[in-house]
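Below is work-v2.cif, which holds mmCIF, C-alpha atoms.
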```cif
data_my_file
loop_
_atom_site.label_atom_id
_atom_site.label_comp_id
_atom_site.auth_asym_id
_atom_site.auth_seq_id
_atom_site.Cartn_x
_atom_site.Cartn_y
_atom_site.Cartn_z
CA MET A 1 117.26 -50.94 11.51
CA LYS A 2 115.77 -52.48 14.63
CA VAL A 3 118.14 -53.99 17.18
CA VAL A 4 117.32 -57.26 18.99
CA LEU A 5 119.15 -57.62 22.30
CA PHE A 6 119.31 -60.96 24.11
CA CYS A 7 119.00 -60.05 27.80
CA GLY A 8 117.79 -63.28 29.41
CA GLY A 9 121.03 -64.95 30.46
CA LEU A 10 121.96 -65.81 34.05
CA GLY A 11 125.39 -64.19 33.93
CA THR A 12 127.15 -67.31 35.22
CA ARG A 13 130.43 -66.60 33.42
CA LEU A 14 130.66 -63.28 35.21
CA GLY A 15 130.65 -65.01 38.61
CA ASN A 16 130.13 -62.75 41.59
CA GLY A 17 130.20 -59.73 39.30
CA ALA A 18 126.68 -60.58 38.17
CA GLU A 19 125.23 -62.17 41.30
CA GLY A 20 121.49 -61.55 41.39
CA VAL A 21 121.37 -59.52 38.17
CA PRO A 22 121.19 -60.39 34.46
CA LYS A 23 124.58 -60.19 32.77
CA PRO A 24 123.58 -57.13 30.65
CA MET A 25 122.83 -55.20 33.86
CA VAL A 26 126.36 -55.48 35.25
CA LYS A 27 127.56 -51.89 35.56
CA ILE A 28 130.44 -50.17 33.81
CA GLY A 29 130.68 -46.79 35.51
CA TYR A 30 127.23 -45.30 36.12
CA ARG A 31 125.44 -47.43 33.55
CA PRO A 32 124.94 -51.16 32.85
CA VAL A 33 126.58 -52.93 29.91
CA LEU A 34 123.17 -52.99 28.19
CA TRP A 35 123.00 -49.19 28.17
CA HIS A 36 126.51 -48.90 26.69
CA ILE A 37 125.54 -51.28 23.88
CA MET A 38 122.28 -49.44 23.18
CA LYS A 39 124.12 -46.11 23.20
CA TYR A 40 126.57 -47.57 20.67
CA TYR A 41 123.77 -48.54 18.28
CA ALA A 42 121.94 -45.24 18.79
CA HIS A 43 125.13 -43.38 17.88
CA TYR A 44 124.91 -44.99 14.45
CA GLY A 45 121.24 -44.10 14.03
CA HIS A 46 119.58 -47.31 15.24
CA HIS A 47 117.12 -46.23 17.94
CA GLU A 48 114.53 -49.03 17.94
CA PHE A 49 115.31 -51.82 20.37
CA ILE A 50 113.66 -55.14 21.16
CA LEU A 51 114.79 -56.60 24.48
CA CYS A 52 114.47 -60.38 24.79
CA LEU A 53 114.00 -60.77 28.53
CA GLY A 54 114.32 -63.78 30.81
CA TYR A 55 116.19 -63.92 34.11
CA ARG A 56 115.28 -60.95 36.35
CA ALA A 57 113.32 -59.23 33.60
CA ASP A 58 111.87 -57.03 36.33
CA LEU A 59 115.24 -55.36 36.95
CA ILE A 60 115.63 -54.37 33.31
CA LYS A 61 112.07 -53.06 33.07
CA GLU A 62 112.39 -51.08 36.29
CA TYR A 63 115.72 -49.62 35.19
CA PHE A 64 114.21 -48.00 32.10
CA ILE A 65 110.87 -47.12 33.66
CA ASN A 66 112.74 -45.21 36.38
CA TYR A 67 115.55 -44.05 34.10
CA ASN A 68 117.58 -41.14 35.48
CA GLU A 69 118.86 -38.92 32.66
CA TYR A 70 120.91 -36.79 35.03
CA LEU A 71 123.49 -39.48 35.78
CA SER A 72 125.15 -39.34 32.37
CA ASN A 73 124.20 -35.93 30.98
CA ASP A 74 125.03 -32.29 31.63
CA PHE A 75 122.31 -30.26 33.30
CA THR A 76 121.71 -26.84 34.84
CA LEU A 77 120.31 -26.61 38.36
CA SER A 78 118.72 -23.42 39.67
CA ASN A 79 116.28 -22.09 42.25
CA GLY A 80 117.82 -24.14 45.02
CA GLY A 81 117.39 -27.38 43.12
CA LYS A 82 113.74 -26.82 42.23
CA ASN A 83 114.54 -26.30 38.56
CA ILE A 84 116.70 -28.74 36.59
CA VAL A 85 117.23 -28.34 32.85
CA LEU A 86 118.96 -31.10 30.88
CA GLU A 87 121.55 -29.84 28.41
CA ASN A 88 121.37 -33.10 26.44
CA ALA A 89 119.63 -36.47 26.79
CA ASP A 90 120.31 -40.17 26.25
CA ILE A 91 117.16 -42.07 25.45
CA ARG A 92 114.62 -39.46 24.39
CA ASP A 93 114.60 -40.78 20.81
CA TRP A 94 114.86 -44.46 21.77
CA ARG A 95 111.92 -46.82 21.27
CA ILE A 96 112.24 -49.94 23.43
CA THR A 97 110.00 -53.01 23.25
CA PHE A 98 110.24 -55.30 26.29
CA VAL A 99 109.41 -58.95 25.57
CA ASP A 100 109.43 -61.78 28.11
CA THR A 101 110.91 -64.64 26.08
CA GLY A 102 111.17 -67.28 28.80
CA LEU A 103 113.39 -67.97 31.76
CA ARG A 104 115.21 -70.95 30.21
CA ALA A 105 114.83 -70.25 26.49
CA ASN A 106 117.94 -70.40 24.31
CA ILE A 107 118.98 -67.64 21.91
CA GLY A 108 117.27 -69.20 18.90
CA GLN A 109 113.95 -69.41 20.71
CA ARG A 110 114.26 -65.90 22.11
CA LEU A 111 114.75 -64.64 18.56
CA LYS A 112 111.73 -66.62 17.31
CA ALA A 113 109.65 -65.15 20.14
CA VAL A 114 110.18 -61.59 18.85
CA GLU A 115 109.68 -62.35 15.15
CA LYS A 116 106.32 -60.58 15.13
CA TYR A 117 107.98 -57.35 16.29
CA LEU A 118 110.25 -57.45 13.23
CA LYS A 119 107.45 -57.62 10.68
CA GLY A 120 108.31 -55.50 7.65
CA GLU A 121 112.04 -55.40 8.43
CA GLU A 122 114.19 -56.64 5.54
CA MET A 123 117.29 -56.62 7.75
CA PHE A 124 117.85 -56.24 11.48
CA LEU A 125 120.68 -56.19 14.01
CA ALA A 126 121.09 -58.49 17.00
CA ASN A 127 123.44 -58.71 19.94
CA TYR A 128 124.27 -60.97 22.91
CA ALA A 129 124.28 -57.80 25.06
CA ASP A 130 127.45 -58.73 26.94
CA GLY A 131 130.32 -57.39 24.79
CA LEU A 132 131.62 -53.90 24.04
CA THR A 133 133.47 -52.78 20.93
CA ASN A 134 134.37 -49.77 18.78
CA LEU A 135 133.56 -51.71 15.61
CA PRO A 136 132.66 -49.32 12.71
CA LEU A 137 129.09 -50.56 12.39
CA PRO A 138 128.20 -48.79 9.11
CA GLU A 139 131.09 -50.58 7.40
CA MET A 140 129.91 -53.96 8.66
CA ILE A 141 126.35 -53.23 7.54
CA ASP A 142 127.54 -52.14 4.09
CA PHE A 143 129.69 -55.27 3.80
CA PHE A 144 126.71 -57.44 4.69
CA ALA A 145 124.22 -55.63 2.45
CA LYS A 146 126.48 -56.04 -0.58
CA SER A 147 127.02 -59.73 0.16
CA GLY A 148 123.37 -60.65 -0.35
CA LYS A 149 123.72 -63.28 2.41
CA ILE A 150 121.19 -64.07 5.14
CA GLY A 151 123.40 -63.78 8.22
CA SER A 152 126.64 -62.24 9.44
CA PHE A 153 128.48 -61.87 12.71
CA VAL A 154 131.65 -60.15 13.84
CA CYS A 155 134.68 -62.42 14.25
CA VAL A 156 137.15 -61.31 16.91
CA LYS A 157 140.25 -62.56 18.68
CA PRO A 158 139.44 -64.03 22.12
CA SER A 159 140.13 -61.44 24.80
CA GLN A 160 140.83 -63.98 27.53
CA THR A 161 144.45 -64.89 28.31
CA PHE A 162 144.18 -68.69 28.20
CA HIS A 163 146.64 -70.90 26.32
CA ILE A 164 146.16 -73.08 23.25
CA VAL A 165 148.00 -76.39 23.56
CA SER A 166 148.97 -78.81 20.76
CA LEU A 167 149.64 -82.47 21.63
CA ASP A 168 150.96 -85.35 19.55
CA ASP A 169 149.75 -88.98 19.61
CA GLN A 170 151.93 -89.65 22.69
CA GLU A 171 150.41 -86.66 24.56
CA LEU A 172 153.70 -84.78 24.33
CA VAL A 173 153.24 -81.04 24.15
CA GLN A 174 154.21 -79.76 20.72
CA ASP A 175 153.25 -76.15 21.19
CA ILE A 176 151.69 -73.79 23.75
CA ARG A 177 150.70 -70.22 22.94
CA TYR A 178 148.38 -67.52 24.15
CA VAL A 179 145.15 -67.72 22.17
CA LYS A 180 145.69 -64.08 21.15
CA ASP A 181 148.85 -65.16 19.33
CA THR A 182 147.02 -67.65 17.12
CA ASN A 183 144.73 -67.25 14.12
CA ILE A 184 141.71 -68.43 16.13
CA THR A 185 138.70 -66.14 15.98
CA ILE A 186 135.42 -66.40 17.88
CA ASN A 187 131.86 -65.18 17.49
CA GLY A 188 131.86 -61.66 18.94
CA GLY A 189 128.09 -61.51 19.41
CA TYR A 190 127.30 -58.65 16.98
CA PHE A 191 124.92 -59.99 14.30
CA ILE A 192 123.12 -58.78 11.20
CA PHE A 193 120.27 -60.83 9.72
CA ARG A 194 117.82 -60.71 6.87
CA LYS A 195 114.25 -61.68 7.62
CA GLU A 196 114.84 -65.10 5.99
CA ILE A 197 116.77 -66.18 9.10
CA PHE A 198 113.48 -67.28 10.68
CA GLU A 199 113.04 -69.92 7.99
CA TYR A 200 116.18 -71.63 9.30
CA ILE A 201 115.22 -71.83 12.99
CA LYS A 202 113.07 -74.74 14.10
CA ASN A 203 111.36 -75.13 17.47
CA GLY A 204 113.80 -75.65 20.31
CA GLU A 205 116.94 -74.94 18.29
CA GLU A 206 119.80 -72.77 19.49
CA LEU A 207 120.76 -70.05 16.99
CA VAL A 208 124.40 -70.88 16.29
CA GLN A 209 123.99 -74.64 16.18
CA GLN A 210 121.53 -76.14 13.68
CA PRO A 211 120.33 -72.86 12.02
CA PHE A 212 123.85 -71.58 11.40
CA ARG A 213 124.93 -74.96 10.04
CA ARG A 214 122.08 -74.81 7.54
CA LEU A 215 123.20 -71.34 6.50
CA ILE A 216 126.78 -72.59 6.14
CA GLN A 217 125.67 -75.49 3.93
CA GLU A 218 123.91 -73.02 1.64
CA GLN A 219 126.78 -70.49 1.80
CA GLN A 220 124.49 -67.91 3.35
CA LEU A 221 126.56 -66.99 6.42
CA ILE A 222 129.55 -64.64 6.39
CA GLY A 223 131.91 -63.39 9.07
CA TYR A 224 133.13 -59.85 9.49
CA ARG A 225 136.68 -59.91 10.81
CA TYR A 226 137.52 -57.22 13.37
CA GLU A 227 140.92 -57.13 15.06
CA HIS A 228 140.62 -54.03 17.21
CA PHE A 229 138.83 -53.38 20.50
CA TRP A 230 136.34 -55.99 21.73
CA CYS A 231 135.91 -57.04 25.35
CA MET A 232 133.63 -58.54 28.02
CA ASP A 233 132.13 -61.90 28.99
CA THR A 234 134.01 -62.59 32.24
CA PHE A 235 134.18 -60.95 35.66
CA LYS A 236 137.88 -60.17 35.17
CA GLU A 237 137.15 -58.25 31.99
CA GLN A 238 134.25 -56.45 33.64
CA GLN A 239 136.75 -55.15 36.19
CA GLU A 240 139.15 -54.16 33.41
CA LEU A 241 136.40 -52.29 31.58
CA THR A 242 135.46 -50.46 34.77
CA ASP A 243 139.10 -49.41 35.25
CA MET A 244 139.25 -48.18 31.65
CA TYR A 245 136.04 -46.20 32.17
CA ASN A 246 137.30 -44.66 35.42
CA GLN A 247 140.57 -43.67 33.73
CA GLY A 248 138.72 -41.91 30.92
CA HIS A 249 139.82 -44.43 28.30
CA ALA A 250 136.71 -46.24 27.04
CA PRO A 251 137.19 -47.11 23.34
CA TRP A 252 133.60 -48.35 22.97
CA GLU A 253 132.20 -44.88 23.70
CA VAL A 254 132.19 -44.01 20.01
CA TRP A 255 129.56 -41.35 20.70
CA LYS A 256 132.24 -39.30 22.50
CA SER A 257 134.72 -39.27 19.60
CA PRO A 258 135.72 -35.92 18.02
CA GLN A 259 133.92 -36.97 14.83
CA ALA A 260 130.72 -37.59 16.79
CA ALA A 261 130.97 -34.20 18.47
CA MET A 262 131.36 -32.48 15.09
CA ALA A 263 128.35 -34.37 13.69
CA ASN A 264 126.25 -33.20 16.66
CA GLY A 265 127.38 -29.60 16.24
CA ARG A 266 129.35 -29.49 19.49
#
```

Please express the file's structure as structure tokens.
Amino acid sequence: MKVVLFCGGLGTRLGNGAEGVPKPMVKIGYRPVLWHIMKYYAHYGHHEFILCLGYRADLIKEYFINYNEYLSNDFTLSNGGKNIVLENADIRDWRITFVDTGLRANIGQRLKAVEKYLKGEEMFLANYADGLTNLPLPEMIDFFAKSGKIGSFVCVKPSQTFHIVSLDDQELVQDIRYVKDTNITINGGYFIFRKEIFEYIKNGEELVQQPFRRLIQEQQLIGYRYEHFWCMDTFKEQQELTDMYNQGHAPWEVWKSPQAAMANGR
């Protein structure tokens, strides 16, 4: 399936961690968040990407046009550096379509802007391009395909450490708990859609507001609950992810799992 990635945001919730760059280009280790997400999808066999660009689209285009395979792959250097042979590669089998979808466009309008690039696709994947997970994607796709519904998204526990407060009519605090300790789930930003989703989006509408409410009214939207690793969206978490990467513990790197190595014959 093709993967639509929304890459036009300003990165305001990441604060200084995203100053001057789109949120998906904030780096985790050697590579930006966007690359980690694309690598995740490619691991599961989805190599065709449509990037919905907006803020600093030039940075994203230049990154891939001048892509350096040697940063994240093994290679053999010989003849005093004149000969370099890659032992493996990242993006050789990726097909990436870059689409300028507007500087101020919302997610719904960015999706509408790339509809023509999804012609012939019965189903497609989409992503906010700012969150990392080790979600078993084939299981989510199978769950969605069997449902017969038009849309689905992953539902996760909030990763931030803020508190949920309950007040009574007199403003007395009745309860205060970490959000992680409640049953509250949020939209994790990993979507699957059938082509019919475009019939539910009108001009100017944001994806998860009016279109999703129409789907809900017709019982055409389902959630996929996932209670394991999911993270990103704030500068603090970007720092935590970088620490995890530097310590060699990056759960989202599903392509480095023992099962992945066996599948690739390594």

Using the chain letters and numbers from the file, give me the residues hit by the PyMOL selection byres ((chain A and resi 23-28) around 6), as JSON, numbers by chain. {"A": [11, 18, 22, 29, 31, 32, 33, 34, 129, 130, 242]}

How far is it from atom CA of Tyr128 of chain A to atom CA of Phe193 of chain A, in Å with one decimal? 13.8 Å

Tell me, as a list in words, which residues lie within 10 Å of Glu121 of chain A, counting only C-alpha atoms; anything in the same chain fewer than 2 positions away does not count.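 That gives Met1, Lys2, Glu115, Tyr117, Leu118, Lys119, Met123, Phe124, Phe193, Arg194 and Lys195 of chain A.
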
Any chance you could resolve the PyMOL selection byres ((chain A and resi 85) around 10) against this file and give the residues as a list in words? Tyr70, Asp74, Phe75, Thr76, Leu77, Ser78, Asn83, Ile84, Leu86, Glu87 and Asn88 of chain A

Residues from the last selection, C-alpha atoms, saved as a PDB file, in the frame of the given file:
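Just written: again34.pdb:
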```
ATOM      1  CA  TYR A  70     120.910 -36.790  35.030  1.00  0.00           C
ATOM      2  CA  ASP A  74     125.030 -32.290  31.630  1.00  0.00           C
ATOM      3  CA  PHE A  75     122.310 -30.260  33.300  1.00  0.00           C
ATOM      4  CA  THR A  76     121.710 -26.840  34.840  1.00  0.00           C
ATOM      5  CA  LEU A  77     120.310 -26.610  38.360  1.00  0.00           C
ATOM      6  CA  SER A  78     118.720 -23.420  39.670  1.00  0.00           C
ATOM      7  CA  ASN A  83     114.540 -26.300  38.560  1.00  0.00           C
ATOM      8  CA  ILE A  84     116.700 -28.740  36.590  1.00  0.00           C
ATOM      9  CA  LEU A  86     118.960 -31.100  30.880  1.00  0.00           C
ATOM     10  CA  GLU A  87     121.550 -29.840  28.410  1.00  0.00           C
ATOM     11  CA  ASN A  88     121.370 -33.100  26.440  1.00  0.00           C
TER      12      ASN A  88
END
```

Please write as a list of chain:residue names the full residue list that the PyMOL selection byres ((chain A and resi 223) around 7) yields on this file.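 Applied to this file, the PyMOL selection byres ((chain A and resi 223) around 7) returns A:Ser152, A:Phe153, A:Val154, A:Cys155, A:Leu221, A:Ile222, A:Tyr224, A:Arg225.
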
Near Phe229 of chain A, counting only C-alpha atoms, which residues have an atom at most 7 Å away, once you skip same-chain residues fewer than 2 positions from it, shown as a list of chain:residue names?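 The residues satisfying every condition are A:Thr133, A:Asn134, A:Glu227, A:Cys231.
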
Local residues around (124.4, -47.5, 13.4), at most 10 Å away, using all atoms listed in the file, as an NGL selection string: :A and (1 or 3 or 39-47 or 125 or 136-141)

Provide the atom CA of Lys180 of chain A to atom CA of Leu167 of chain A distance in Å, to one decimal place. 18.8 Å

What is the atom CA of Gly188 of chain A to atom CA of Phe64 of chain A distance in Å? 25.9 Å

Could you check which of A:Phe98, A:Phe212, A:Phe162, A:Phe6 is closest to Asp58 of chain A, using all atoms listed in the file? A:Phe98

Assuming 3 Å of padding per side, give the centre and edge lengths of the axis-aligned box around every listed atom of segment 160-175 of chain A, in Å to one decimal and as JSON.
```
{"center_x": 147.5, "center_y": -76.8, "center_z": 23.9, "size_x": 19.4, "size_y": 31.7, "size_z": 14.8}
```

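Nearest to Ser72 of chain A of all the residues A:Lys202, A:His36, A:His228, A:Lys157 is A:His36, based on only C-alpha atoms.
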
Under the rule that all atoms listed in the file are counted, which of A:Leu103, A:Val156, A:Leu241, A:Ile164 is the nearest residue to Thr185 of chain A?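 Smallest distance to Thr185 of chain A is found for A:Val156.
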
Skipping near chain neighbours, those fewer than 6 positions away, what residues fall within 10 Å of Asn203 of chain A using only C-alpha atoms, listed as a ChimeraX atom specification? /A:108-109,112
